[in-house]
$ cat my_file17.txt   # compact mmCIF, C-alpha atoms
# COMPACT_ATOMS: atom_id res chain seq x y z
CA MET A 296 147.75 -69.60 -137.47
CA LYS A 297 151.28 -70.86 -137.03
CA PHE A 298 153.11 -71.21 -140.34
CA LEU A 299 154.36 -74.73 -139.66
CA ALA A 300 150.93 -76.10 -138.76
CA ALA A 301 149.29 -74.45 -141.74
CA PHE A 302 152.02 -75.53 -144.10
CA LEU A 303 151.99 -79.17 -143.03
CA ALA A 304 148.20 -79.16 -143.15
CA THR A 305 148.37 -78.06 -146.76
CA LEU A 306 150.77 -80.87 -147.59
CA ALA A 307 148.03 -83.28 -146.51
CA VAL A 308 145.34 -81.46 -148.50
CA SER A 309 142.91 -83.73 -150.27
CA GLN A 310 142.19 -83.51 -153.97
CA ALA A 311 138.77 -82.14 -153.18
CA ALA A 312 140.23 -79.40 -150.99
CA GLU A 313 142.72 -78.46 -153.66
CA SER A 314 139.90 -78.28 -156.19
CA THR A 315 138.14 -75.81 -153.89
CA VAL A 316 141.26 -73.62 -153.74
CA ARG A 317 141.54 -73.68 -157.51
CA GLY A 318 137.84 -72.99 -157.87
CA ASN A 319 138.02 -69.84 -155.71
CA ALA A 320 140.96 -68.57 -157.72
CA ALA A 321 139.24 -69.40 -160.99
CA ARG A 322 136.20 -67.37 -160.01
CA LYS A 323 138.49 -64.37 -159.45
CA LEU A 324 139.99 -64.90 -162.90
CA GLN A 325 136.58 -64.78 -164.51
CA GLN A 326 136.13 -61.25 -163.15
CA SER A 327 139.20 -59.91 -164.95
CA ASN A 328 140.92 -60.31 -168.28
CA CYS A 329 144.33 -60.92 -166.75
CA SER A 330 145.46 -63.16 -163.91
CA THR A 331 147.97 -62.14 -161.27
CA PHE A 332 150.71 -64.53 -160.19
CA GLU A 333 148.79 -65.55 -157.07
CA GLU A 334 145.61 -66.16 -159.06
CA ALA A 335 147.54 -68.20 -161.64
CA ILE A 336 149.46 -70.32 -159.13
CA CYS A 337 146.42 -70.94 -156.93
CA SER A 338 144.18 -71.90 -159.86
CA THR A 339 146.62 -74.39 -161.36
CA GLU A 340 146.43 -78.03 -160.33
CA GLY A 341 149.41 -79.30 -158.36
CA PHE A 342 150.38 -75.96 -156.78
CA ALA A 343 148.28 -75.92 -153.59
CA ALA A 344 151.35 -76.08 -151.32
CA ILE A 345 153.24 -73.21 -152.97
CA CYS A 346 149.98 -71.23 -153.14
CA LEU A 347 149.65 -71.35 -149.35
CA ALA A 348 153.38 -70.81 -148.79
CA VAL A 349 153.31 -67.66 -150.95
CA SER A 350 150.28 -66.37 -149.08
CA ILE A 351 151.65 -66.99 -145.59
CA ALA A 352 155.14 -65.73 -146.43
CA GLY A 353 153.60 -62.57 -147.85
CA VAL A 354 155.53 -62.49 -151.13
CA GLY A 355 152.49 -62.52 -153.42
CA SER A 356 152.33 -58.74 -153.74
CA ASP A 357 155.97 -58.64 -154.87
CA LEU A 358 155.27 -61.17 -157.60
CA ASN A 359 152.03 -59.58 -158.78
CA LYS A 360 153.85 -56.58 -160.24
CA GLY A 361 156.65 -56.09 -162.73
CA ASN A 362 157.88 -58.82 -165.07
CA VAL A 363 158.64 -62.07 -163.27
CA THR A 364 159.60 -65.65 -164.07
CA VAL A 365 158.77 -68.27 -161.45
CA PHE A 366 160.05 -71.84 -161.27
CA ALA A 367 157.25 -73.39 -159.20
CA PRO A 368 157.77 -76.70 -157.34
CA THR A 369 154.97 -79.25 -157.29
CA ASN A 370 153.07 -80.21 -154.13
CA GLU A 371 155.10 -83.40 -153.79
CA ALA A 372 158.41 -81.57 -154.18
CA ILE A 373 157.49 -79.26 -151.31
CA ARG A 374 156.15 -82.17 -149.26
CA GLN A 375 159.49 -83.92 -149.58
CA LEU A 376 161.35 -80.79 -148.50
CA ALA A 377 159.07 -80.49 -145.46
CA LEU A 378 159.68 -84.12 -144.51
CA ASN A 379 163.44 -83.74 -144.71
CA LEU A 380 163.84 -80.46 -142.85
CA PRO A 381 163.78 -79.93 -139.08
CA PRO A 382 160.51 -78.33 -137.90
CA GLN A 383 162.22 -75.10 -136.87
CA ALA A 384 163.28 -74.50 -140.49
CA LEU A 385 159.65 -74.48 -141.65
CA SER A 386 158.80 -72.03 -138.86
CA ASP A 387 161.41 -69.54 -140.07
CA ILE A 388 159.40 -67.16 -142.25
CA ASP A 389 162.51 -65.34 -143.45
CA LEU A 390 163.99 -68.63 -144.62
CA VAL A 391 160.76 -69.59 -146.38
CA LYS A 392 160.65 -66.18 -148.09
CA SER A 393 164.23 -66.56 -149.23
CA VAL A 394 163.55 -70.01 -150.65
CA LEU A 395 160.45 -68.78 -152.47
CA MET A 396 162.30 -65.80 -153.92
CA TYR A 397 165.08 -68.17 -154.99
CA HIS A 398 162.54 -69.59 -157.43
CA THR A 399 161.90 -66.20 -159.00
CA VAL A 400 163.62 -64.04 -161.62
CA LEU A 401 162.61 -60.39 -161.38
CA ASP A 402 162.28 -57.89 -164.24
CA GLU A 403 162.33 -60.62 -166.88
CA THR A 404 159.74 -62.87 -168.48
CA LEU A 405 161.72 -65.91 -169.57
CA PHE A 406 159.75 -68.31 -171.73
CA SER A 407 161.21 -71.75 -172.42
CA LYS A 408 162.72 -70.50 -175.66
CA ASP A 409 164.62 -67.84 -173.69
CA ILE A 410 166.24 -70.28 -171.25
CA GLU A 411 169.73 -71.05 -172.56
CA CYS A 412 171.67 -74.19 -171.69
CA GLY A 413 174.72 -73.43 -169.56
CA SER A 414 173.49 -69.96 -168.60
CA THR A 415 173.27 -68.54 -165.08
CA LEU A 416 170.15 -66.88 -163.70
CA THR A 417 170.18 -64.29 -160.92
CA MET A 418 167.22 -64.97 -158.67
CA ALA A 419 165.21 -62.51 -156.58
CA ASN A 420 167.15 -63.33 -153.40
CA ALA A 421 170.40 -62.28 -155.20
CA GLN A 422 171.74 -65.84 -155.40
CA GLU A 423 172.23 -67.64 -158.69
CA THR A 424 170.97 -70.82 -160.35
CA ASP A 425 172.42 -72.67 -163.34
CA VAL A 426 170.54 -73.96 -166.38
CA VAL A 427 171.64 -77.52 -167.14
CA CYS A 428 170.57 -79.42 -170.25
CA GLN A 429 170.74 -83.19 -170.53
CA GLY A 430 169.40 -84.39 -173.84
CA SER A 431 165.97 -82.82 -174.28
CA ASN A 432 165.57 -82.25 -170.52
CA ILE A 433 166.15 -78.91 -168.81
CA PHE A 434 167.21 -78.73 -165.16
CA ILE A 435 167.63 -75.72 -162.89
CA GLU A 436 170.39 -76.24 -160.33
CA GLY A 437 170.45 -74.24 -157.13
CA GLU A 438 173.58 -73.54 -155.11
CA GLY A 439 172.36 -76.01 -152.50
CA ASN A 440 171.36 -78.72 -154.99
CA SER A 441 173.80 -81.46 -155.92
CA ASP A 442 174.26 -82.68 -159.49
CA SER A 443 172.05 -85.67 -158.67
CA ASP A 444 169.10 -83.72 -157.29
CA MET A 445 168.61 -80.88 -159.74
CA PRO A 446 164.95 -79.87 -160.20
CA LYS A 447 163.73 -80.76 -163.68
CA VAL A 448 161.43 -78.50 -165.68
CA VAL A 449 158.38 -80.68 -166.33
CA GLU A 450 155.97 -78.06 -167.72
CA THR A 451 156.75 -74.73 -169.31
CA ASP A 452 155.17 -71.40 -170.19
CA ILE A 453 152.18 -71.14 -167.84
CA GLU A 454 151.43 -67.49 -168.51
CA PHE A 455 149.93 -64.84 -166.26
CA CYS A 456 149.53 -61.11 -166.77
CA ASN A 457 153.01 -60.05 -165.66
CA GLY A 458 155.08 -63.14 -166.25
CA VAL A 459 155.38 -66.88 -166.69
CA ILE A 460 155.54 -70.00 -164.51
CA HIS A 461 157.60 -73.12 -165.21
CA ARG A 462 156.66 -76.21 -163.19
CA ILE A 463 159.64 -78.05 -161.63
CA ASP A 464 159.74 -81.40 -159.86
CA GLY A 465 162.08 -80.39 -157.05
CA VAL A 466 162.81 -77.44 -154.79
CA LEU A 467 165.65 -75.07 -155.64
CA LEU A 468 167.90 -74.93 -152.59
CA PRO A 469 169.83 -71.74 -151.87
CA GLU A 470 173.26 -72.00 -150.29
CA MET A 471 171.88 -71.39 -146.79
CA MET A 472 169.86 -74.61 -147.05
CA ASP A 473 172.94 -76.88 -147.20
CA GLY A 474 173.16 -77.18 -143.42
CA ALA A 475 169.43 -77.61 -142.93
CA MET A 476 169.23 -80.41 -145.48
CA THR A 477 171.91 -82.42 -143.68
CA GLN A 478 170.17 -82.29 -140.29
CA GLU A 479 168.11 -85.14 -138.96
CA PRO A 480 164.93 -85.29 -141.10
CA ALA A 481 161.47 -85.06 -139.65
CA PRO A 482 159.74 -88.44 -139.41
CA SER A 483 157.73 -89.41 -142.45
CA THR A 484 154.03 -90.14 -142.29
CA GLY A 485 153.86 -91.60 -145.76
CA GLY A 486 155.59 -94.89 -145.06
CA ALA A 487 157.85 -94.52 -148.07
CA MET A 488 161.61 -94.09 -148.00
CA ASP A 489 162.91 -90.72 -146.88
CA SER A 490 166.39 -89.49 -147.70
CA PRO A 491 168.14 -86.28 -146.66
CA THR A 492 168.32 -85.22 -150.29
CA MET A 493 165.63 -83.91 -152.57
CA MET A 494 164.27 -86.87 -154.50
CA PRO A 495 160.71 -86.05 -155.47
CA SER A 496 160.00 -88.00 -158.69
CA MET A 497 160.22 -91.51 -157.38
CA MET A 498 158.75 -90.49 -154.05
CA GLU A 499 155.72 -89.27 -155.97
CA SER A 500 155.37 -92.59 -157.74
CA MET A 501 155.81 -94.38 -154.40
CA THR A 502 153.22 -92.33 -152.50
CA SER A 503 150.65 -91.43 -155.17
CA ALA A 504 147.69 -93.66 -155.97
CA PRO A 505 149.03 -96.89 -157.45
CA THR A 506 148.28 -97.79 -161.04
CA MET A 507 146.27 -100.97 -161.42
CA MET A 508 147.59 -103.49 -163.94
CA PRO A 509 145.35 -106.08 -165.64
CA SER A 510 145.98 -109.46 -164.03
CA LYS A 511 147.33 -110.94 -167.26
CA MET A 512 149.08 -107.78 -168.48
CA GLU A 513 147.00 -107.91 -171.64
CA SER A 514 146.43 -104.22 -172.16
CA SER A 515 148.03 -100.89 -171.44
CA PRO A 516 147.41 -99.79 -167.84
CA ASP A 517 145.47 -96.69 -166.97
CA SER A 518 148.05 -94.88 -164.89
CA SER A 519 147.20 -92.42 -162.15
CA MET A 520 150.80 -91.41 -161.57
CA ASN A 521 151.86 -88.09 -162.96
CA MET A 522 155.58 -87.67 -162.31
CA PRO A 523 158.57 -87.67 -164.60
CA PRO A 524 161.60 -89.60 -163.37
CA SER A 525 164.51 -87.65 -161.94
CA MET A 526 166.71 -87.24 -158.88
CA MET A 527 165.49 -89.91 -156.51
CA PRO A 528 166.50 -93.27 -155.11
CA SER A 529 165.97 -95.63 -158.01
CA MET A 530 164.85 -99.17 -158.24
CA MET A 531 168.42 -100.11 -159.03
CA GLU A 532 170.44 -97.36 -157.56
CA SER A 533 173.99 -97.29 -156.33
CA SER A 534 174.62 -95.70 -152.97
CA PRO A 535 178.30 -94.81 -152.50
CA SER A 536 177.65 -93.97 -148.87
CA ALA A 537 176.21 -97.38 -148.13
CA MET A 538 178.19 -100.21 -146.58
CA SER A 539 180.09 -101.97 -149.32
CA SER A 540 179.82 -105.60 -150.34
CA PRO A 541 183.17 -106.24 -152.01
CA THR A 542 183.36 -107.67 -155.52
CA ALA A 543 186.28 -109.58 -156.98
CA ASN A 544 188.20 -106.34 -157.46
CA GLY A 545 187.39 -105.15 -153.95
CA GLU A 546 184.89 -102.47 -155.06
CA CYS A 547 181.28 -102.10 -153.98
CA SER A 548 178.73 -103.62 -156.34
CA SER A 549 175.40 -101.80 -156.41
CA ILE A 550 172.10 -103.50 -157.20
CA GLU A 551 172.14 -101.86 -160.62
CA ASP A 552 175.71 -102.99 -161.33
CA LEU A 553 174.99 -106.49 -160.11
CA ALA A 554 171.81 -106.90 -162.15
CA CYS A 555 173.03 -105.23 -165.33
CA SER A 556 176.27 -107.21 -165.34
CA SER A 557 174.38 -110.51 -165.14
CA ASP A 558 173.36 -112.22 -168.36
CA GLY A 559 169.94 -113.19 -167.02
CA PHE A 560 168.61 -109.67 -166.36
CA LYS A 561 169.13 -107.90 -169.70
CA THR A 562 165.43 -107.12 -170.22
CA LEU A 563 164.96 -105.86 -166.66
CA CYS A 564 168.02 -103.65 -166.95
CA LYS A 565 166.72 -102.24 -170.24
CA LEU A 566 163.26 -101.50 -168.78
CA VAL A 567 164.67 -99.86 -165.64
CA LYS A 568 166.80 -97.52 -167.71
CA ALA A 569 163.92 -96.80 -170.11
CA ALA A 570 161.74 -95.84 -167.12
CA GLY A 571 164.43 -93.47 -165.85
CA LEU A 572 164.88 -95.39 -162.61
CA GLY A 573 168.47 -96.45 -163.09
CA ASP A 574 170.48 -93.28 -162.43
CA ALA A 575 172.65 -93.45 -159.37
CA SER A 576 171.84 -90.98 -156.62
CA PRO A 577 174.99 -90.29 -154.60
CA GLY A 578 173.05 -88.78 -151.71
CA ALA A 579 170.82 -91.78 -151.18
CA SER A 580 171.32 -93.91 -148.09
CA GLY A 581 168.47 -96.43 -148.37
CA LYS A 582 168.60 -100.21 -148.56
CA PHE A 583 166.55 -102.12 -151.10
CA THR A 584 165.22 -105.60 -151.72
CA VAL A 585 164.57 -106.34 -155.38
CA PHE A 586 162.60 -109.30 -156.70
CA ALA A 587 164.16 -109.33 -160.15
CA PRO A 588 162.37 -111.13 -163.00
CA ASN A 589 164.85 -112.90 -165.25
CA ASP A 590 164.85 -112.71 -169.03
CA LYS A 591 162.72 -115.85 -169.29
CA ALA A 592 160.06 -114.17 -167.15
CA PHE A 593 159.84 -111.19 -169.50
CA ALA A 594 159.95 -113.49 -172.54
CA ALA A 595 156.60 -114.87 -171.37
CA VAL A 596 155.06 -111.39 -171.50
CA PRO A 597 153.43 -110.61 -174.88
CA ASP A 598 155.48 -108.25 -177.03
CA ALA A 599 152.47 -105.97 -177.44
CA THR A 600 152.21 -105.59 -173.66
CA LEU A 601 155.90 -104.73 -173.29
CA ASP A 602 155.61 -102.26 -176.15
CA SER A 603 152.62 -100.55 -174.53
CA LEU A 604 154.48 -100.33 -171.22
CA MET A 605 157.48 -98.79 -172.96
CA GLN A 606 155.14 -96.11 -174.30
CA ASP A 607 153.53 -95.43 -170.90
CA ASN A 608 156.31 -94.46 -168.52
CA ASP A 609 154.05 -94.08 -165.48
CA ALA A 610 152.66 -97.60 -165.90
CA LEU A 611 156.15 -98.98 -166.49
CA GLN A 612 157.44 -97.31 -163.32
CA ASN A 613 154.52 -98.73 -161.36
CA VAL A 614 155.21 -102.30 -162.50
CA LEU A 615 158.94 -102.00 -161.80
CA LEU A 616 158.40 -100.44 -158.37
CA TYR A 617 156.11 -103.36 -157.55
CA HIS A 618 159.27 -105.50 -157.51
CA VAL A 619 161.08 -103.36 -154.92
CA VAL A 620 161.00 -103.09 -151.13
CA VAL A 621 162.50 -99.86 -149.79
CA ASP A 622 164.37 -99.32 -146.53
CA GLU A 623 164.72 -103.05 -145.92
CA THR A 624 167.21 -105.72 -146.89
CA LEU A 625 165.13 -108.89 -146.78
CA TYR A 626 167.18 -112.04 -147.17
CA ALA A 627 165.50 -115.41 -147.79
CA LYS A 628 165.51 -116.12 -144.05
CA ASP A 629 163.54 -112.90 -143.49
CA LEU A 630 160.70 -113.84 -145.88
CA GLU A 631 157.95 -115.34 -143.73
CA CYS A 632 155.45 -117.74 -145.26
CA SER A 633 151.96 -116.23 -145.78
CA GLU A 634 153.15 -112.76 -144.70
CA THR A 635 152.61 -109.67 -146.87
CA VAL A 636 155.39 -107.37 -148.01
CA GLU A 637 154.75 -103.71 -148.88
CA MET A 638 156.31 -102.75 -152.19
CA ALA A 639 157.60 -99.38 -153.35
CA ASN A 640 154.43 -98.54 -155.31
CA GLY A 641 152.28 -98.89 -152.17
CA ASP A 642 150.77 -102.29 -153.03
CA ASP A 643 151.45 -105.55 -151.21
CA THR A 644 152.82 -108.89 -152.32
CA ARG A 645 152.51 -112.11 -150.34
CA THR A 646 155.18 -114.70 -149.58
CA VAL A 647 153.89 -118.21 -150.32
CA CYS A 648 155.76 -121.38 -149.31
CA ARG A 649 155.23 -124.74 -150.99
CA GLY A 650 157.61 -127.37 -149.75
CA ASP A 651 161.10 -125.94 -150.05
CA ALA A 652 160.04 -123.45 -152.72
CA ILE A 653 159.37 -119.78 -151.98
CA TYR A 654 156.99 -117.76 -154.16
CA GLN A 655 156.17 -114.06 -154.14
CA LYS A 656 152.58 -113.49 -155.23
CA GLY A 657 151.35 -110.20 -156.65
CA SER A 658 147.75 -109.01 -156.46
CA GLY A 659 147.37 -109.78 -160.17
CA ASN A 660 149.02 -113.20 -160.03
CA THR A 661 146.82 -116.27 -159.70
CA ASP A 662 147.61 -119.14 -157.33
CA ASP A 663 148.93 -121.22 -160.22
CA ASN A 664 150.80 -118.29 -161.76
CA MET A 665 153.07 -117.11 -158.94
CA PRO A 666 156.70 -115.99 -159.41
CA MET A 667 159.09 -118.41 -157.74
CA VAL A 668 162.38 -117.35 -156.17
CA VAL A 669 164.92 -119.31 -158.21
CA THR A 670 168.07 -117.64 -156.84
CA ALA A 671 168.05 -115.93 -153.46
CA ASP A 672 170.36 -113.59 -151.58
CA MET A 673 172.36 -111.98 -154.39
CA LYS A 674 174.06 -109.43 -152.16
CA ALA A 675 174.84 -105.86 -153.21
CA CYS A 676 176.22 -102.87 -151.34
CA ASP A 677 172.78 -101.27 -151.23
CA GLY A 678 170.63 -104.31 -150.66
CA VAL A 679 169.82 -107.73 -152.03
CA ILE A 680 168.36 -109.25 -155.20
CA HIS A 681 166.16 -112.34 -155.40
CA GLU A 682 165.81 -113.73 -158.92
CA ILE A 683 162.23 -114.72 -159.79
CA ASP A 684 160.93 -116.63 -162.81
CA MET A 685 157.81 -114.55 -163.52
CA VAL A 686 156.73 -110.90 -163.40
CA LEU A 687 154.87 -109.68 -160.29
CA LEU A 688 151.52 -108.24 -161.38
CA PRO A 689 149.98 -105.34 -159.36
$ encode --input "my_file17.txt" --output "structure tokens"
Amino acid sequence: MKFLAAFLATLAVSQAAESTVRGNAARKLQQSNCSTFEEAICSTEGFAAICLAVSIAGVGSDLNKGNVTVFAPTNEAIRQLALNLPPQALSDIDLVKSVLMYHTVLDETLFSKDIECGSTLTMANAQETDVVCQGSNIFIEGEGNSDSDMPKVVETDIEFCNGVIHRIDGVLLPEMMDGAMTQEPAPSTGGAMDSPTMMPSMMESMTSAPTMMPSKMESSPDSSMNMPPSMMPSMMESSPSAMSSPTANGECSSIEDLACSSDGFKTLCKLVKAAGLGDASPGASGKFTVFAPNDKAFAAVPDATLDSLMQDNDALQNVLLYHVVVDETLYAKDLECSETVEMANGDDTRTVCRGDAIYQKGSGNTDDNMPMVVTADMKACDGVIHEIDMVLLP
């Protein structure tokens, strides 16, 4: 089987298929007291893509012996890499091996307590990575990763018989990957925004099953998203490479700058930052349309509901992403009455016209409870903001 075909097939693997892979590995574990690296990686949820990549690239035997530490990317992290690389890169087994070995430290078992901020790790392909700490978060930066797309350690100390695995939400890029990552990306099949940089966290929240919110936002949502926020195009992200809309001082004003410098969006700005969606991503090139609830809109939401959202980051991200359109700058003239608009969390909203008024209706909004566009076409360098007087409900 060709590597590319098999690899891309794995990226589309269903949850049931992944459960089968894990089940086969688990049965092997039951027959021994100690799991090898391959058995551990293939029996752990979220690692189906790297499991197949390790098998096809033939590096499993190298990692099943000696002491090893592996920083293992999630399925979605690898899916994003596959989408943003030319097909010939995925067919290059030597390149795939090198990338896989760039996630591995040989002859050492480094638990989370052994990983020191500011230290440098020599990986199995002889290149180095840097350990970067930001607050309580630990990132591993590859030579081909920029400061804005460092993989974050999201789970630590998954032990196997000869080492330990740390789950990361991005792919470590060795120096040789710089050129490949800047080539024209492969077309996406997911419908979400693709960027030539590694931005897995928000992409996961955009493409994973959407969280359903109660129509009145009366209780804490049951979220099905499972990704921490990091290096990805944000709901309110600045894009230095985008075409600039000059401000009074001649500089480009991003959506985040525009919203957070306006008195009427203080609550929205606070929630976006709390959800981890407000960090600028210098590599991003997308355009955004944001339906931004004003402070009065959030004032109508019960305090208990806002508090529960603040404690459930996945649900908060889902609600915020339901106010964003990616890869499109939709001005008021582009909003067509009765037409649906696909939002960044995968759900649709509908444009409703009543007289001269324009409303944007969420799935959870009733006909008499629709957000109205009160200020349209607030232009930014990376898109446009429309101020609305209520919160869109998924």
$ atom_distance --input "my_file17.txt" --atom1 "atom CA of Asn432 of chain A" --atom2 "atom CA of His461 of chain A"
13.2 Å
$ residues_around --input "my_file17.txt" --residues "Ile680 of chain A" --least-positions-apart "6" --cutoff "8 Å" --atoms "all atoms listed in the file" --output "list in words"
Ile550, Thr584, Val585, Phe586, Ala587, Ala671, Asp672, Met673 and Lys674 of chain A
$ write_last_selection --input "my_file17.txt" --atoms "C-alpha atoms" --output "tab-separated table (two decimals), in the frame of the given file"
chain	number	residue	atom	x	y	z
A	550	ILE	CA	172.10	-103.50	-157.20
A	584	THR	CA	165.22	-105.60	-151.72
A	585	VAL	CA	164.57	-106.34	-155.38
A	586	PHE	CA	162.60	-109.30	-156.70
A	587	ALA	CA	164.16	-109.33	-160.15
A	671	ALA	CA	168.05	-115.93	-153.46
A	672	ASP	CA	170.36	-113.59	-151.58
A	673	MET	CA	172.36	-111.98	-154.39
A	674	LYS	CA	174.06	-109.43	-152.16
$ closest_residue --input "my_file17.txt" --among "A:Asp651, A:Asp677, A:Glu371, A:Asp598" --to "Glu623 of chain A" --atoms "all atoms listed in the file"
A:Asp677
$ atom_distance --input "my_file17.txt" --atom1 "atom CA of Asp402 of chain A" --atom2 "atom CA of Asn420 of chain A"
13.1 Å
$ atom_distance --input "my_file17.txt" --atom1 "atom CA of Ala343 of chain A" --atom2 "atom CA of Phe434 of chain A"
22.4 Å
$ residues_around --input "my_file17.txt" --residues "Lys656 of chain A" --least-positions-apart "4" --cutoff "7 Å" --atoms "only C-alpha atoms" --output "count of residues only"
8
$ closest_residue --input "my_file17.txt" --among "A:Glu333, A:Val669, A:Asp643, A:Val679" --to "Leu625 of chain A" --atoms "all atoms listed in the file"
A:Val679
